[in-house]
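Participant: One structure follows; several queries about it will come next.
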Amino acid sequence: MDLKKYAPFIILGLLALLPLTGISTYMLHVLIIVIMWSVIGMAWNLLGGYCGQVSFGHAAFFGMGAYTAGLLYEKLGMSAWWGLPISVPVVTVFALVMGFIFLRLRGPFFALGTLAMGVILRITAENLTGFTGGDLGIMIRERTWVDKTWYFYIILILAAVTYYVIKKVVESKLGYYFVAIREDQDAAESLGIDTTLYKTIALCLSAVITGLAGAFYMNYMGYIDPKVVFALHDISVVTIMVVMVGGVATFSGPIIGALIMVLLAEVIRSIPKLGMAHHTFFGILLIVIIIFLPNGIAGDWPKLKKIFAKGKTA
Amino acid sequence: MTAMLEVKGVSRFFGGLAAVNDVSFHVNKGEILALIGPNGAGKTTLFNVVDGFYPPSRGEVLFKGQLISNRKPHQICKLGIARTFQVVKPLQRMSVLDNVIASAFLRSKNKSEAQDIAVETMKFTDLYDDKDVISKSLPLGKRKRLEIARALATRPEMLLLDESFAGLNHAELNVSIEIIRKIKEKGITIMIIEHHMKVIMAISDRIVVLSYGEKLAEGTPAEIRENPAVIEAYLGEAQNA
Ligand SMILES: Nc1ncnc2c1ncn2[C@@H]1O[C@H](COP(=O)(O)OP(=O)(O)OP(=O)(O)O)[C@@H](O)[C@H]1O
Ligand SMILES: [Mg+2]
């Protein structure tokens with residue numbers, strides 16, 4: 001029992017020690033990406049998993065965070081690291097506007113609205129060539145560190161803080177209100193819950209965390225363009241898959257999902273010829289998960305354990 | 001006695017249909033007022049107008065003298081009116097306890113206070129033994145009671161009960177009647193929609209009869225029982241059925 005309670009600290013501690021073990025640069029890179037996706041997954045999970053507002057446009061927030069960092073560097077000559085703090089108000093304002101427009105829509109209409117938003121931002125970034133550089137993207141010419149260790153610690157801290165904040169939020173009044181809204185919006189209203197307000201709070205929190213991941217991405221990768229950071233497939237849809245594979249509305253789900261999705265993508269990409277078809281694989285995986293593990297790996301863990309136990313005795 | 005709730009010339013149209021048509025009445029503080037009428041009479045629609053789900057097409061609703069018919073449901077709940085739904089709306093994948101905690105937060109500063117209110121409310125409504133059950137798997141009788149518990153946990157001054165007795169077996173019926181009596185003893189004003197005539201006659205102080213969206217009659221249970229228009233429109237039908 002206690003093990004479960006301390007598991008997050010133990011995992012965090014072990015991860016923090018990892019760069020000291022002489023781990024390869026490639027492995028460290030994969031881990032950084034896994035942790036970054038955990039952050040995005042946790043953020044999406046707050047809005048989609050707990051509050052029930054399914055977004056197909058989280059690339060909008062990711063891209064906005066990335067471009068905030070990139071433009072601060074490109075236009076104002078500031079360090080792109082300023083993108084982390086400054087993306088917070090930028091993305092919040094954007095999420096408020098978006099919430100005002102879309103949160104009056106329910107269910108599939110909200111999902112479609114967010115989908116459109118992601119696409120609109122990508123096209124805007126592509127066409128505002130004077131401001132964003134358009135398809136050429138933004139490149140940071142002088143990287144902060146050649147070594148990946150510090151990037152690893154920065155994203156690890158961001159993930160730990162995100163995990164902590166989301167856990168606190170979900171276990172508080174906010175969390176109860178989010179889930180009440182997810183389960184039945186009319187019932188929630190009748191219980192005195194200002195559903196528009198609380199949906200807006202969920203959206204802003206989720207957007208800001210995703211934007212932070214985006215700002216980190218700019219710093220870490222050193223290059224962004226609209227097709228990469230506002231991508232429907234590679235960002236918005238993968239975000240949903242990370243959470244669905246890992247387990248919707250669970251604390252560990254997005255982390256498990258990120259690990260599986262990133263490793264899978266790496267493995268598939270390394271297979272010659274087949275590598276190009278990784279979207280197809282992800283599609284098939286999603287279908288399999290929806291049919292056999294509708295609650296994801298964390299959510300259907302008891303079911304999985306039973307299957308493995310049977311396999312052993314047989 | 002002061003009027004807790006005043007419904008003044010309220011109409012609600014759906015397209016060409018007048019679901020509620022120029023209805024006026026009031027509910028006194030501390031009483032149980034029953035709203036009866038045949039299926040489709042507009043009873044639920046009237047509840048939806050009172051608690052803010054539908055704005056009235058005409059007329060207004062006042063709660064403790066304050067205009068509320070321009071407010072949203074969550075604001076009206078905060079002012080002190082809670083309701084149950086005829087078609088129950090449990091927060092399906094939450095436990096019974098969490099359902100009630102979610103509503104108890106309205107008047108709580110923190111989670112432990114909300115939890116205390118929830119536990120107290122569940123004991124009051126005889127649901128405590130089911131506190132860990134996921135509400136999706138609760139039998140109908142208890143789901144109806146969960147609606148009441150959840151409404152009570154918002155600490156209302158007035159409670160709107162929409163057919164909380166429908167579909168209950170005899171034993172459950174008695175439990176629920178007892179709960180309504182205890183709610184009244186707490187001083188909470190109740191407006192109740194009910195088809196179960198025996199229950200209505202036994203518990204209500206006054207009755208308003210709706211038919212085709214219009215108010216047909218208003219009076220004490222004894223008066224309503226003797227009213228020829230009511231007998232024709234509603235009771236006769238019920239007795240034949
Ligand atoms: N949202 C709506 N849109 C259109 N028509 C509606 C709507 N809600 C109710 N109605 C119509 O208004 C009339 C009154 O319905 P209401 O549900 O208020 O009746 P009721 O008295 O509660 O009936 P019951 O005893 O069956 O619950 C019905 O003819 C119904 O079809
Ligand atoms: Mg009704």
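Identifiers in the structure tokens: chain A, B, ... in order shown; residue index from 1 per chain; ligand index from 1 in order shown.
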For Tyr212 of chain B, work out the shell of residues within 10 Å, counting only C-alpha atoms and skipping chain neighbours fewer than 5 positions away, then give it as a PyMOL selection string.

Facilitator: chain B and resi 17-21+37-43+233

Participant: Can you write just those residues out, all heavy atoms, as an mmCIF file, in the first residue's frame?

Facilitator:
data_model
loop_
_atom_site.group_PDB
_atom_site.id
_atom_site.type_symbol
_atom_site.label_atom_id
_atom_site.label_comp_id
_atom_site.auth_asym_id
_atom_site.auth_seq_id
_atom_site.Cartn_x
_atom_site.Cartn_y
_atom_site.Cartn_z
ATOM 1 N N LEU B 17 -46.217 25.169 -29.097
ATOM 2 C CA LEU B 17 -46.836 24.502 -27.947
ATOM 3 C C LEU B 17 -46.650 25.316 -26.670
ATOM 4 O O LEU B 17 -45.534 25.671 -26.315
ATOM 5 C CB LEU B 17 -46.194 23.121 -27.774
ATOM 6 C CG LEU B 17 -46.623 22.338 -26.527
ATOM 7 C CD1 LEU B 17 -47.959 21.644 -26.765
ATOM 8 C CD2 LEU B 17 -45.558 21.345 -26.127
ATOM 9 N N ALA B 18 -47.756 25.594 -25.989
ATOM 10 C CA ALA B 18 -47.668 26.271 -24.698
ATOM 11 C C ALA B 18 -47.569 25.210 -23.612
ATOM 12 O O ALA B 18 -48.578 24.710 -23.116
ATOM 13 C CB ALA B 18 -48.881 27.157 -24.475
ATOM 14 N N ALA B 19 -46.325 24.819 -23.267
ATOM 15 C CA ALA B 19 -46.135 23.771 -22.263
ATOM 16 C C ALA B 19 -46.603 24.260 -20.894
ATOM 17 O O ALA B 19 -47.147 23.498 -20.100
ATOM 18 C CB ALA B 19 -44.673 23.347 -22.209
ATOM 19 N N VAL B 20 -46.403 25.548 -20.629
ATOM 20 C CA VAL B 20 -46.935 26.192 -19.424
ATOM 21 C C VAL B 20 -47.576 27.497 -19.898
ATOM 22 O O VAL B 20 -46.964 28.242 -20.655
ATOM 23 C CB VAL B 20 -45.822 26.488 -18.395
ATOM 24 C CG1 VAL B 20 -46.376 27.269 -17.212
ATOM 25 C CG2 VAL B 20 -45.166 25.200 -17.914
ATOM 26 N N ASN B 21 -48.801 27.730 -19.472
ATOM 27 C CA ASN B 21 -49.539 28.869 -20.007
ATOM 28 C C ASN B 21 -50.098 29.748 -18.900
ATOM 29 O O ASN B 21 -51.052 29.365 -18.211
ATOM 30 C CB ASN B 21 -50.661 28.348 -20.912
ATOM 31 C CG ASN B 21 -51.185 29.440 -21.837
ATOM 32 O OD1 ASN B 21 -50.750 30.596 -21.760
ATOM 33 N ND2 ASN B 21 -52.118 29.083 -22.697
ATOM 34 N N GLY B 37 -51.090 16.782 -12.074
ATOM 35 C CA GLY B 37 -51.679 16.964 -13.390
ATOM 36 C C GLY B 37 -51.323 15.796 -14.275
ATOM 37 O O GLY B 37 -50.339 15.108 -14.010
ATOM 38 N N PRO B 38 -52.107 15.591 -15.314
ATOM 39 C CA PRO B 38 -51.867 14.445 -16.202
ATOM 40 C C PRO B 38 -50.517 14.550 -16.900
ATOM 41 O O PRO B 38 -49.885 15.601 -16.882
ATOM 42 C CB PRO B 38 -52.999 14.553 -17.244
ATOM 43 C CG PRO B 38 -53.931 15.584 -16.751
ATOM 44 C CD PRO B 38 -53.249 16.406 -15.730
ATOM 45 N N ASN B 39 -50.100 13.474 -17.541
ATOM 46 C CA ASN B 39 -48.834 13.474 -18.279
ATOM 47 C C ASN B 39 -48.828 14.591 -19.314
ATOM 48 O O ASN B 39 -49.831 14.814 -19.993
ATOM 49 C CB ASN B 39 -48.624 12.132 -19.002
ATOM 50 C CG ASN B 39 -48.378 11.008 -18.028
ATOM 51 O OD1 ASN B 39 -49.207 10.140 -17.847
ATOM 52 N ND2 ASN B 39 -47.246 11.048 -17.359
ATOM 53 N N GLY B 40 -47.709 15.273 -19.398
ATOM 54 C CA GLY B 40 -47.586 16.347 -20.379
ATOM 55 C C GLY B 40 -48.272 17.628 -19.960
ATOM 56 O O GLY B 40 -48.407 18.561 -20.765
ATOM 57 N N ALA B 41 -48.675 17.733 -18.693
ATOM 58 C CA ALA B 41 -49.391 18.924 -18.231
ATOM 59 C C ALA B 41 -48.468 20.132 -18.119
ATOM 60 O O ALA B 41 -48.937 21.266 -18.065
ATOM 61 C CB ALA B 41 -50.063 18.641 -16.884
ATOM 62 N N GLY B 42 -47.185 19.897 -18.053
ATOM 63 C CA GLY B 42 -46.242 21.022 -17.964
ATOM 64 C C GLY B 42 -45.582 21.142 -16.607
ATOM 65 O O GLY B 42 -44.940 22.156 -16.318
ATOM 66 N N LYS B 43 -45.681 20.110 -15.804
ATOM 67 C CA LYS B 43 -45.140 20.181 -14.437
ATOM 68 C C LYS B 43 -43.614 20.283 -14.450
ATOM 69 O O LYS B 43 -43.030 21.167 -13.806
ATOM 70 C CB LYS B 43 -45.574 18.928 -13.637
ATOM 71 C CG LYS B 43 -47.072 18.684 -13.643
ATOM 72 C CD LYS B 43 -47.470 17.446 -12.880
ATOM 73 C CE LYS B 43 -46.966 16.142 -13.475
ATOM 74 N NZ LYS B 43 -47.577 15.784 -14.768
ATOM 75 N N ALA B 233 -60.692 16.019 -15.017
ATOM 76 C CA ALA B 233 -59.448 16.104 -15.796
ATOM 77 C C ALA B 233 -58.400 15.101 -15.352
ATOM 78 O O ALA B 233 -57.590 14.653 -16.137
ATOM 79 C CB ALA B 233 -58.858 17.509 -15.697
#

Participant: Leaving out Ala202 of chain B and any residue of its chain fewer than 2 positions from it, which residues lie within 12 Å of it when counting only C-alpha atoms, given as a list of chain:residue names?

Facilitator: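 My list of contacting residues is B:Ile32, B:Leu33, B:Ala34, B:Asn174, B:Ile177, B:Glu178, B:Ile180, B:Arg181, B:Glu194, B:His196, B:Met197, B:Lys198, B:Val199, B:Ile200, B:Ser204, B:Asp205, B:Arg206, B:Ile207, B:Thr220, B:Pro221, B:Ala222.
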
Participant: Could you please tell me, as a list in words, which residues of chain A have an atom within 7 Å of chain B when using only C-alpha atoms?

Facilitator: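 Output check: Ser172, Lys173, Tyr176, Tyr177, Ala180, Glu183, Asp184, Ala187, Glu189, Ser190, Leu191, Gly192, Ile193 and Asp194 of chain A.
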
Participant: Give the alpha helix (DSSP H) residues of segment 87-252 of chain A, as assigned by DSSP on the backbone, as a ChimeraX atom specification.

Facilitator: /A:87-102,108-127,129-132,149-171,173-183,185-190,195-221,226-229,238-246

Participant: Near Tyr217 of chain A, counting only C-alpha atoms, which residues have an atom at most 12 Å away, once you skip same-chain residues fewer than 6 positions from it, shown as JSON, numbers by chain?

Facilitator: {"A": [29, 32, 33, 35, 36, 37, 39, 40, 62, 63, 64, 65, 66, 67, 68, 69, 70, 80, 81, 83, 84, 139, 140, 151, 152, 154, 155, 210, 211, 223, 224, 225, 228, 229]}

Participant: If you count only C-alpha atoms, which residues fall within 10 Å of Ala258 of chain A, apart from same-chain ones fewer than 3 positions away, as a VMD selection string?

Facilitator: chain A and resid 31 33 to 42 238 to 239 241 to 243 245 to 246 253 to 255 261 to 264

Participant: Excluding Pro8 of chain A and any residue of its chain fewer than 3 positions from it, enumerate the residues within 10 Å of it, using only C-alpha atoms, and give them as a PDB file with all heavy atoms, in the first residue's frame.

Facilitator:
ATOM      1  N   LEU A   3       3.829   1.463  -0.814  1.00  0.00           N
ATOM      2  CA  LEU A   3       4.628   1.495  -2.028  1.00  0.00           C
ATOM      3  C   LEU A   3       3.952   2.359  -3.082  1.00  0.00           C
ATOM      4  O   LEU A   3       4.579   3.161  -3.758  1.00  0.00           O
ATOM      5  CB  LEU A   3       4.826   0.066  -2.547  1.00  0.00           C
ATOM      6  CG  LEU A   3       5.894  -0.074  -3.629  1.00  0.00           C
ATOM      7  CD1 LEU A   3       7.267   0.197  -3.057  1.00  0.00           C
ATOM      8  CD2 LEU A   3       5.838  -1.452  -4.267  1.00  0.00           C
ATOM      9  N   LYS A   4       2.627   2.203  -3.167  1.00  0.00           N
ATOM     10  CA  LYS A   4       1.865   2.930  -4.164  1.00  0.00           C
ATOM     11  C   LYS A   4       1.953   4.440  -3.908  1.00  0.00           C
ATOM     12  O   LYS A   4       2.063   5.241  -4.818  1.00  0.00           O
ATOM     13  CB  LYS A   4       0.407   2.466  -4.119  1.00  0.00           C
ATOM     14  CG  LYS A   4      -0.246   2.484  -5.473  1.00  0.00           C
ATOM     15  CD  LYS A   4      -1.615   1.838  -5.403  1.00  0.00           C
ATOM     16  CE  LYS A   4      -2.351   2.049  -6.716  1.00  0.00           C
ATOM     17  NZ  LYS A   4      -3.680   1.465  -6.687  1.00  0.00           N
ATOM     18  N   LYS A   5       1.901   4.766  -2.633  1.00  0.00           N
ATOM     19  CA  LYS A   5       1.930   6.178  -2.251  1.00  0.00           C
ATOM     20  C   LYS A   5       3.284   6.810  -2.587  1.00  0.00           C
ATOM     21  O   LYS A   5       3.362   7.955  -3.013  1.00  0.00           O
ATOM     22  CB  LYS A   5       1.655   6.263  -0.744  1.00  0.00           C
ATOM     23  CG  LYS A   5       1.234   7.638  -0.271  1.00  0.00           C
ATOM     24  CD  LYS A   5       0.786   7.572   1.182  1.00  0.00           C
ATOM     25  CE  LYS A   5       1.102   8.865   1.897  1.00  0.00           C
ATOM     26  NZ  LYS A   5       1.051   8.695   3.350  1.00  0.00           N
ATOM     27  N   ILE A  11      10.138   6.876  -8.393  1.00  0.00           N
ATOM     28  CA  ILE A  11      10.387   6.989  -9.832  1.00  0.00           C
ATOM     29  C   ILE A  11      11.115   8.285 -10.135  1.00  0.00           C
ATOM     30  O   ILE A  11      12.096   8.311 -10.898  1.00  0.00           O
ATOM     31  CB  ILE A  11       9.057   6.913 -10.610  1.00  0.00           C
ATOM     32  CG1 ILE A  11       8.487   5.482 -10.497  1.00  0.00           C
ATOM     33  CG2 ILE A  11       9.256   7.281 -12.078  1.00  0.00           C
ATOM     34  CD1 ILE A  11       7.086   5.330 -11.015  1.00  0.00           C
ATOM     35  N   LEU A  12      10.670   9.357  -9.505  1.00  0.00           N
ATOM     36  CA  LEU A  12      11.324  10.656  -9.714  1.00  0.00           C
ATOM     37  C   LEU A  12      12.787  10.603  -9.290  1.00  0.00           C
ATOM     38  O   LEU A  12      13.681  11.065 -10.010  1.00  0.00           O
ATOM     39  CB  LEU A  12      10.579  11.734  -8.927  1.00  0.00           C
ATOM     40  CG  LEU A  12      11.097  13.169  -9.083  1.00  0.00           C
ATOM     41  CD1 LEU A  12      10.933  13.640 -10.521  1.00  0.00           C
ATOM     42  CD2 LEU A  12      10.377  14.118  -8.132  1.00  0.00           C
ATOM     43  N   GLY A  13      13.037   9.991  -8.140  1.00  0.00           N
ATOM     44  CA  GLY A  13      14.403   9.877  -7.629  1.00  0.00           C
ATOM     45  C   GLY A  13      15.286   9.077  -8.573  1.00  0.00           C
ATOM     46  O   GLY A  13      16.409   9.500  -8.902  1.00  0.00           O
ATOM     47  N   LEU A  14      14.772   7.939  -9.027  1.00  0.00           N
ATOM     48  CA  LEU A  14      15.547   7.101  -9.939  1.00  0.00           C
ATOM     49  C   LEU A  14      15.843   7.833 -11.237  1.00  0.00           C
ATOM     50  O   LEU A  14      16.954   7.789 -11.762  1.00  0.00           O
ATOM     51  CB  LEU A  14      14.790   5.798 -10.224  1.00  0.00           C
ATOM     52  CG  LEU A  14      14.701   4.812  -9.050  1.00  0.00           C
ATOM     53  CD1 LEU A  14      13.856   3.593  -9.431  1.00  0.00           C
ATOM     54  CD2 LEU A  14      16.102   4.376  -8.621  1.00  0.00           C
ATOM     55  N   ALA A 160       7.336  16.833 -12.936  1.00  0.00           N
ATOM     56  CA  ALA A 160       7.049  16.586 -11.517  1.00  0.00           C
ATOM     57  C   ALA A 160       6.072  17.628 -10.984  1.00  0.00           C
ATOM     58  O   ALA A 160       5.102  17.299 -10.282  1.00  0.00           O
ATOM     59  CB  ALA A 160       8.347  16.606 -10.704  1.00  0.00           C
ATOM     60  N   TYR A 163       2.620  16.920 -12.450  1.00  0.00           N
ATOM     61  CA  TYR A 163       2.001  15.779 -11.770  1.00  0.00           C
ATOM     62  C   TYR A 163       1.433  16.216 -10.423  1.00  0.00           C
ATOM     63  O   TYR A 163       0.286  15.918 -10.090  1.00  0.00           O
ATOM     64  CB  TYR A 163       3.042  14.673 -11.573  1.00  0.00           C
ATOM     65  CG  TYR A 163       2.479  13.402 -10.970  1.00  0.00           C
ATOM     66  CD1 TYR A 163       1.990  12.391 -11.797  1.00  0.00           C
ATOM     67  CD2 TYR A 163       2.443  13.213  -9.594  1.00  0.00           C
ATOM     68  CE1 TYR A 163       1.473  11.224 -11.257  1.00  0.00           C
ATOM     69  CE2 TYR A 163       1.919  12.053  -9.047  1.00  0.00           C
ATOM     70  CZ  TYR A 163       1.443  11.062  -9.882  1.00  0.00           C
ATOM     71  OH  TYR A 163       0.922   9.913  -9.334  1.00  0.00           O
ATOM     72  N   TYR A 164       2.235  16.943  -9.678  1.00  0.00           N
ATOM     73  CA  TYR A 164       1.823  17.387  -8.346  1.00  0.00           C
ATOM     74  C   TYR A 164       0.602  18.311  -8.420  1.00  0.00           C
ATOM     75  O   TYR A 164      -0.383  18.121  -7.703  1.00  0.00           O
ATOM     76  CB  TYR A 164       2.996  18.093  -7.666  1.00  0.00           C
ATOM     77  CG  TYR A 164       2.679  18.617  -6.293  1.00  0.00           C
ATOM     78  CD1 TYR A 164       2.670  17.767  -5.187  1.00  0.00           C
ATOM     79  CD2 TYR A 164       2.365  19.964  -6.100  1.00  0.00           C
ATOM     80  CE1 TYR A 164       2.367  18.247  -3.933  1.00  0.00           C
ATOM     81  CE2 TYR A 164       2.062  20.456  -4.845  1.00  0.00           C
ATOM     82  CZ  TYR A 164       2.057  19.588  -3.763  1.00  0.00           C
ATOM     83  OH  TYR A 164       1.753  20.064  -2.522  1.00  0.00           O
ATOM     84  N   SER A 252      -1.420   7.973 -13.481  1.00  0.00           N
ATOM     85  CA  SER A 252      -0.249   7.404 -14.143  1.00  0.00           C
ATOM     86  C   SER A 252      -0.481   7.170 -15.628  1.00  0.00           C
ATOM     87  O   SER A 252       0.484   6.998 -16.376  1.00  0.00           O
ATOM     88  CB  SER A 252       0.117   6.075 -13.468  1.00  0.00           C
ATOM     89  OG  SER A 252      -0.981   5.189 -13.544  1.00  0.00           O
TER      90      SER A 252
END

Participant: Give the strand (DSSP E) residues of segment 52-273 of chain A, as DSSP finds them on the backbone, and put them as a PyMOL selection string.

Facilitator: chain A and resi 138-139+223-224

Participant: From the list B:Ser176, B:Gln66, B:Ser164, B:Thr125, which residue is nearest ligand 1 when using only C-alpha atoms and all ligand atoms?

Facilitator: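 Using only C-alpha atoms and all ligand atoms, ligand 1 sits closest to B:Ser164.
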
Participant: Can you pull out the residues contacting Pro294 of chain A? Cut-off 12 Å, using only C-alpha atoms, and skip same-chain residues under 2 positions away; I want them as JSON, numbers by chain.

Facilitator: {"A": [241, 243, 244, 245, 246, 247, 248, 249, 285, 286, 287, 288, 289, 290, 291, 292, 296, 297, 298, 299, 300, 301, 303, 304]}

Participant: Residues as selected, N, CA, C and O atoms, written as a CSV table (one decimal), in the first residue's frame, can you do that?

Facilitator:
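Contents of the output file part_32.csv:
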chain,number,residue,atom,x,y,z
A,241,MET,N,-4.0,9.9,-28.1
A,241,MET,CA,-3.6,8.5,-28.0
A,241,MET,C,-2.8,8.2,-26.7
A,241,MET,O,-2.9,7.2,-26.1
A,243,VAL,N,-3.0,9.5,-23.9
A,243,VAL,CA,-3.9,9.4,-22.7
A,243,VAL,C,-4.8,8.1,-22.8
A,243,VAL,O,-5.0,7.4,-21.9
A,244,MET,N,-5.2,7.8,-24.0
A,244,MET,CA,-6.1,6.7,-24.2
A,244,MET,C,-5.4,5.4,-24.0
A,244,MET,O,-5.9,4.4,-23.3
A,245,VAL,N,-4.2,5.3,-24.5
A,245,VAL,CA,-3.4,4.1,-24.3
A,245,VAL,C,-3.0,3.9,-22.8
A,245,VAL,O,-3.1,2.8,-22.3
A,246,GLY,N,-2.7,5.0,-22.2
A,246,GLY,CA,-2.2,4.9,-20.8
A,246,GLY,C,-3.4,4.7,-19.8
A,246,GLY,O,-3.4,3.9,-18.9
A,247,GLY,N,-4.5,5.5,-20.1
A,247,GLY,CA,-5.6,5.4,-19.2
A,247,GLY,C,-6.2,6.8,-18.9
A,247,GLY,O,-5.6,7.6,-18.2
A,248,VAL,N,-7.4,7.0,-19.4
A,248,VAL,CA,-8.1,8.3,-19.3
A,248,VAL,C,-8.5,8.5,-17.8
A,248,VAL,O,-8.9,7.5,-17.1
A,249,ALA,N,-8.3,9.7,-17.3
A,249,ALA,CA,-8.7,10.0,-15.9
A,249,ALA,C,-8.0,9.2,-14.9
A,249,ALA,O,-8.5,8.8,-13.9
A,285,LEU,N,-3.3,0.5,-33.5
A,285,LEU,CA,-3.1,0.4,-32.0
A,285,LEU,C,-4.3,1.0,-31.3
A,285,LEU,O,-4.9,0.5,-30.4
A,286,LEU,N,-4.7,2.2,-31.8
A,286,LEU,CA,-5.8,2.9,-31.2
A,286,LEU,C,-7.1,2.0,-31.2
A,286,LEU,O,-7.8,1.9,-30.2
A,287,ILE,N,-7.3,1.4,-32.4
A,287,ILE,CA,-8.5,0.6,-32.5
A,287,ILE,C,-8.5,-0.6,-31.5
A,287,ILE,O,-9.4,-0.9,-30.8
A,288,VAL,N,-7.3,-1.2,-31.5
A,288,VAL,CA,-7.2,-2.4,-30.6
A,288,VAL,C,-7.4,-1.9,-29.1
A,288,VAL,O,-8.1,-2.6,-28.3
A,289,ILE,N,-6.8,-0.8,-28.7
A,289,ILE,CA,-7.0,-0.3,-27.4
A,289,ILE,C,-8.5,0.0,-27.1
A,289,ILE,O,-9.0,-0.4,-26.0
A,290,ILE,N,-9.1,0.7,-28.0
A,290,ILE,CA,-10.5,1.0,-27.8
A,290,ILE,C,-11.4,-0.2,-27.6
A,290,ILE,O,-12.3,-0.3,-26.7
A,291,ILE,N,-11.1,-1.3,-28.3
A,291,ILE,CA,-11.9,-2.5,-28.2
A,291,ILE,C,-11.5,-3.3,-27.0
A,291,ILE,O,-12.4,-3.7,-26.2
A,292,PHE,N,-10.2,-3.5,-26.7
A,292,PHE,CA,-9.9,-4.4,-25.7
A,292,PHE,C,-9.6,-3.7,-24.3
A,292,PHE,O,-9.8,-4.3,-23.3
A,296,GLY,N,-7.7,2.1,-21.0
A,296,GLY,CA,-6.3,2.2,-21.1
A,296,GLY,C,-5.5,1.2,-20.2
A,296,GLY,O,-6.2,0.5,-19.4
A,297,ILE,N,-4.2,1.3,-20.2
A,297,ILE,CA,-3.4,0.3,-19.5
A,297,ILE,C,-3.6,0.5,-18.0
A,297,ILE,O,-3.8,-0.4,-17.2
A,298,ALA,N,-3.5,1.8,-17.5
A,298,ALA,CA,-3.7,2.0,-16.1
A,298,ALA,C,-5.1,1.7,-15.6
A,298,ALA,O,-5.3,1.1,-14.6
A,299,GLY,N,-6.1,2.1,-16.5
A,299,GLY,CA,-7.5,1.9,-16.1
A,299,GLY,C,-7.9,0.5,-16.1
A,299,GLY,O,-8.7,0.0,-15.3
A,300,ASP,N,-7.4,-0.3,-17.0
A,300,ASP,CA,-7.7,-1.7,-17.1
A,300,ASP,C,-6.7,-2.6,-16.5
A,300,ASP,O,-6.6,-3.8,-16.9
A,301,TRP,N,-5.9,-2.1,-15.7
A,301,TRP,CA,-4.8,-2.9,-15.1
A,301,TRP,C,-5.2,-4.2,-14.4
A,301,TRP,O,-4.7,-5.2,-14.7
A,303,LYS,N,-7.7,-6.0,-15.2
A,303,LYS,CA,-8.1,-6.9,-16.3
A,303,LYS,C,-6.8,-7.5,-16.9
A,303,LYS,O,-6.7,-8.7,-17.1
A,304,LEU,N,-5.8,-6.6,-17.1
A,304,LEU,CA,-4.6,-7.1,-17.7
A,304,LEU,C,-3.9,-8.1,-16.8
A,304,LEU,O,-3.3,-9.1,-17.2

Participant: Which residue, A:Leu259, A:Ala265, A:Leu203, A:Leu212, has the smallest gap to Asn45 of chain A when you use only C-alpha atoms?

Facilitator: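 Of all the options, A:Leu203 lies closest to Asn45 of chain A.
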
Participant: State, in Å with one decimal place, the distance from atom CA of Met117 of chain A to atom CA of Asp234 of chain A.

Facilitator: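 Between atom CA of Met117 of chain A and atom CA of Asp234 of chain A the gap is 15.7 Å.
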
Participant: Quick one: residues within 8 Å of Asp130 of chain B, only C-alpha atoms counted, chain neighbours fewer than 3 positions away excluded, as a ChimeraX atom specification?

Facilitator: /B:96,127,133

Participant: Can you spit out the residues from that selection as a CSV table (one decimal), in the first residue's frame, using N, CA and C atoms?

Facilitator:
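Produced file selection.csv, reproduced below:
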chain,number,residue,atom,x,y,z
B,96,VAL,N,-21.4,6.9,-4.7
B,96,VAL,CA,-22.5,7.6,-4.0
B,96,VAL,C,-22.0,8.8,-3.2
B,127,LEU,N,-28.7,6.3,2.9
B,127,LEU,CA,-27.9,5.9,1.8
B,127,LEU,C,-26.5,5.5,2.2
B,133,VAL,N,-20.7,2.5,-3.3
B,133,VAL,CA,-21.2,1.9,-4.6
B,133,VAL,C,-21.1,3.0,-5.7
